[in-house]
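With mmCIF, C-alpha atoms inside, this is entry-v7.cif:
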```
data_final
loop_
_atom_site.label_atom_id
_atom_site.label_comp_id
_atom_site.auth_asym_id
_atom_site.auth_seq_id
_atom_site.Cartn_x
_atom_site.Cartn_y
_atom_site.Cartn_z
CA MET A 1 -31.42 191.24 24.52
CA SER A 2 -30.33 193.27 21.54
CA ILE A 3 -31.01 196.90 20.73
CA LYS A 4 -34.35 197.40 18.98
CA TYR A 5 -35.18 201.10 19.49
CA LEU A 6 -33.43 204.42 18.88
CA LEU A 7 -34.86 207.11 21.15
CA ASP A 8 -35.31 210.61 19.77
CA ILE A 9 -34.72 213.69 21.91
CA ASN A 10 -38.40 214.18 22.81
CA VAL A 11 -38.47 210.72 24.40
CA ILE A 12 -35.19 211.18 26.29
CA SER A 13 -36.14 214.66 27.49
CA GLU A 14 -39.67 213.68 28.60
CA VAL A 15 -38.36 212.45 31.94
CA THR A 16 -36.97 215.92 32.71
CA LYS A 17 -40.37 217.63 32.54
CA LYS A 18 -42.21 218.78 35.65
CA ILE A 19 -45.09 216.44 34.82
CA PRO A 20 -43.73 213.72 32.51
CA LEU A 21 -45.99 211.21 30.84
CA GLN A 22 -46.07 208.05 32.93
CA SER A 23 -46.47 205.97 29.77
CA ILE A 24 -42.97 207.02 28.62
CA PHE A 25 -41.45 205.86 31.92
CA GLU A 26 -43.32 202.58 31.61
CA LYS A 27 -42.20 201.95 28.01
CA MET A 28 -38.60 202.85 28.84
CA GLU A 29 -38.68 200.43 31.78
CA ILE A 30 -40.20 197.63 29.69
CA HIS A 31 -37.63 198.11 26.91
CA LYS A 32 -34.62 199.25 28.97
CA GLN A 33 -32.42 196.49 27.53
CA GLU A 34 -33.49 197.29 23.97
CA VAL A 35 -32.98 201.07 23.74
CA ALA A 36 -30.19 203.31 22.52
CA THR A 37 -29.97 206.92 21.49
CA ALA A 38 -27.85 208.91 19.05
CA SER A 39 -24.84 211.08 19.86
CA LEU A 40 -26.77 213.85 18.10
CA VAL A 41 -29.48 213.62 20.77
CA ILE A 42 -26.84 214.15 23.45
CA HIS A 43 -25.64 217.19 21.51
CA GLU A 44 -29.15 218.64 21.32
CA LEU A 45 -29.74 218.05 25.04
CA LEU A 46 -26.44 219.69 25.97
CA TYR A 47 -27.06 222.60 23.64
CA GLY A 48 -30.40 223.31 25.27
CA CYS A 49 -29.05 222.80 28.77
CA LEU A 50 -25.93 224.96 28.42
CA ARG A 51 -27.96 227.91 27.15
CA LEU A 52 -29.68 228.09 30.55
CA PRO A 53 -28.20 230.46 33.14
CA THR A 54 -25.21 228.92 34.95
CA GLU A 55 -26.84 229.32 38.34
CA SER A 56 -30.11 227.72 37.21
CA LYS A 57 -31.27 224.70 39.25
CA LYS A 58 -32.81 223.26 36.09
CA ARG A 59 -29.43 223.47 34.33
CA ALA A 60 -27.71 221.60 37.17
CA LEU A 61 -30.38 218.88 37.10
CA LEU A 62 -30.21 218.56 33.31
CA GLU A 63 -26.41 218.41 33.25
CA ASN A 64 -26.49 215.64 35.84
CA TYR A 65 -29.17 213.75 33.88
CA ILE A 66 -27.30 214.08 30.57
CA THR A 67 -24.04 212.77 32.03
CA LYS A 68 -25.85 209.62 33.22
CA ILE A 69 -27.44 208.73 29.86
CA PRO A 70 -24.41 206.74 28.57
CA GLN A 71 -24.58 204.58 31.72
CA LYS A 72 -28.20 203.73 30.96
CA MET A 73 -28.05 203.00 27.23
CA PRO A 74 -25.71 202.77 24.25
CA ILE A 75 -25.01 205.99 22.34
CA LEU A 76 -24.76 205.43 18.59
CA GLY A 77 -22.73 207.69 16.32
CA TYR A 78 -23.15 209.01 12.80
CA ASP A 79 -20.76 206.87 10.78
CA LEU A 80 -19.90 206.36 7.10
CA LYS A 81 -22.86 204.05 6.47
CA SER A 82 -25.19 206.59 8.07
CA ALA A 83 -23.67 209.43 6.03
CA GLN A 84 -24.14 207.50 2.79
CA TYR A 85 -27.78 206.73 3.54
CA HIS A 86 -28.38 210.31 4.64
CA GLY A 87 -26.82 211.79 1.50
CA LYS A 88 -28.96 209.60 -0.76
CA GLU A 89 -32.16 210.32 1.17
CA ARG A 90 -31.47 214.04 1.34
CA ALA A 91 -31.01 214.17 -2.43
CA ARG A 92 -34.15 212.08 -3.03
CA LEU A 93 -36.26 214.16 -0.67
CA SER A 94 -35.02 217.49 -2.05
CA LYS A 95 -36.01 216.37 -5.56
CA ILE A 96 -39.60 215.96 -4.38
CA GLY A 97 -39.63 219.27 -2.51
CA LYS A 98 -39.09 218.01 1.02
CA THR A 99 -36.34 219.33 3.23
CA PRO A 100 -36.32 217.74 6.68
CA ALA A 101 -34.06 219.22 9.33
CA PHE A 102 -30.46 218.10 8.85
CA VAL A 103 -30.21 216.61 12.35
CA ASP A 104 -33.46 214.67 11.78
CA GLY A 105 -31.88 213.16 8.69
CA GLN A 106 -28.84 212.17 10.71
CA ILE A 107 -30.97 210.55 13.42
CA ALA A 108 -33.09 208.75 10.81
CA SER A 109 -29.95 207.47 9.10
CA ILE A 110 -28.56 206.08 12.36
CA ALA A 111 -31.84 204.24 12.96
CA VAL A 112 -32.05 202.83 9.43
CA THR A 113 -28.42 201.75 9.13
CA ASN A 114 -28.56 200.02 12.51
CA ASP A 115 -31.90 198.32 11.76
CA LEU A 116 -33.62 200.11 14.64
CA ILE A 117 -37.10 201.49 15.17
CA LEU A 118 -37.04 205.23 15.79
CA VAL A 119 -39.14 206.21 18.80
CA THR A 120 -40.34 209.79 18.49
CA ASN A 121 -43.31 212.04 19.06
CA ASN A 122 -42.40 213.92 15.87
CA VAL A 123 -43.60 211.30 13.41
CA ASN A 124 -44.28 213.89 10.69
CA ASP A 125 -40.63 215.00 10.74
CA PHE A 126 -39.44 211.48 9.89
CA GLN A 127 -42.21 209.83 7.87
CA ASP A 128 -40.68 210.48 4.44
CA PHE A 129 -37.41 208.61 5.01
CA ASN A 130 -37.26 205.34 3.06
CA GLY A 131 -36.87 202.23 5.17
CA LEU A 132 -37.35 204.00 8.49
CA LEU A 133 -39.61 202.28 11.01
CA ILE A 134 -41.21 204.63 13.54
CA GLU A 135 -43.09 204.19 16.82
CA ASN A 136 -44.74 206.90 18.86
CA TRP A 137 -44.78 206.04 22.57
CA PHE A 138 -46.70 209.24 23.32
CA VAL A 139 -50.01 207.92 21.95
#
```

Take the structure in the file and write it out as structure tokens.
Amino acid sequence: MSIKYLLDINVISEVTKKIPLQSIFEKMEIHKQEVATASLVIHELLYGCLRLPTESKKRALLENYITKIPQKMPILGYDLKSAQYHGKERARLSKIGKTPAFVDGQIASIAVTNDLILVTNNVNDFQDFNGLLIENWFV
């Protein structure tokens, strides 16, 4: 099977919650051969994790989880094609008064330039990007 979905941070991090949504586990299991995430998502996860106290049990669990992500799915980077799409979209959106978070633009660009569907619970943060297909597995 080929990659079909790019998972946003809220999907990846759902499994680390005390009471995660079972539907996310089910969707990830169904599509386990079709999912990838972005290197930027790994960055965001690490950033959040490494701000926790060193002795924190949660930090140790998160660090372990984050290191295993590349074994479970491909990690896609922000390349030249992504940067070109992102630059054009950022300029277009700023002209109409919209300024999405920079990292959201990077994630959207990775999805679009790799012909992937972005899976996120933050649909509103991504809905204005041209050519971006979005699914919300939280509904």

Exercise for review: Give me, please, the distance in Å between atom CA of A:Ser109 and atom CA of A:Ala83, quoted to one decimal.
Suggested key: 7.3 Å

Near-stretch 50-63 of chain A list (12 Å; only C-alpha atoms; drop same-chain fewer than 2 positions) as a PDB file with C-alpha atoms, keeping the file's coordinate frame:
```
ATOM      1  CA  ILE A  12     -35.190 211.180  26.290  1.00  0.00           C
ATOM      2  CA  SER A  13     -36.140 214.660  27.490  1.00  0.00           C
ATOM      3  CA  GLU A  14     -39.670 213.680  28.600  1.00  0.00           C
ATOM      4  CA  VAL A  15     -38.360 212.450  31.940  1.00  0.00           C
ATOM      5  CA  THR A  16     -36.970 215.920  32.710  1.00  0.00           C
ATOM      6  CA  LYS A  17     -40.370 217.630  32.540  1.00  0.00           C
ATOM      7  CA  LYS A  18     -42.210 218.780  35.650  1.00  0.00           C
ATOM      8  CA  ILE A  42     -26.840 214.150  23.450  1.00  0.00           C
ATOM      9  CA  HIS A  43     -25.640 217.190  21.510  1.00  0.00           C
ATOM     10  CA  GLU A  44     -29.150 218.640  21.320  1.00  0.00           C
ATOM     11  CA  LEU A  45     -29.740 218.050  25.040  1.00  0.00           C
ATOM     12  CA  LEU A  46     -26.440 219.690  25.970  1.00  0.00           C
ATOM     13  CA  TYR A  47     -27.060 222.600  23.640  1.00  0.00           C
ATOM     14  CA  GLY A  48     -30.400 223.310  25.270  1.00  0.00           C
ATOM     15  CA  TYR A  65     -29.170 213.750  33.880  1.00  0.00           C
ATOM     16  CA  ILE A  66     -27.300 214.080  30.570  1.00  0.00           C
ATOM     17  CA  THR A  67     -24.040 212.770  32.030  1.00  0.00           C
ATOM     18  CA  LYS A  68     -25.850 209.620  33.220  1.00  0.00           C
ATOM     19  CA  ILE A  69     -27.440 208.730  29.860  1.00  0.00           C
TER      20      ILE A  69
END
```

Point to revise | Polymer residues at most 10 Å from A:Tyr78, only C-alpha atoms, same-chain spacing of 6 or more positions, as a ChimeraX atom specification | key: /A:38-40,86,106-107,109-111,113

Review point. How many Å separate atom CA of A:Pro70 from atom CA of A:Asn10?
Key: 16.9 Å

Practice item. Kindly indicate which residue among A:Phe126, A:Asn136, A:Arg92, A:Asp79 lies nearest to A:Ile24, using all atoms listed in the file for the distances. Key: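 Closest to A:Ile24, using all atoms listed in the file: A:Asn136.
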
Practice item. List every protein, DNA or RNA residue with an atom no more than 8 Å from (-40.2, 202.3, 22.2) in the file's coordinates, counting only C-alpha atoms, and format the result as a ChimeraX atom specification. Key: /A:5-7,27-28,31,35,117-119,135-137

Study note, to complete from the structure: Counting all atoms listed in the file, closest pick from A:Ile3, A:Met73, A:Leu21, A:Leu93 relative to A:Phe129 is A:Leu93

Check your understanding: For the atom pair atom CA of A:Ile9 and atom CA of A:Val123, what is the interatomic distance in Å to one decimal place?
Key ->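 Computed distance, atom CA of A:Ile9 to atom CA of A:Val123, equals 12.5 Å.
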
Starting from 4 Å padding per side, set up an axis-aligned box that covers all listed atoms of stretch 27-42 of chain A and hand over centre and edge lengths in Å, one decimal, as lines of an AutoDock Vina configuration file.
```
center_x = -33.5
center_y = 205.3
center_z = 24.9
size_x = 25.4
size_y = 25.7
size_z = 21.7
```
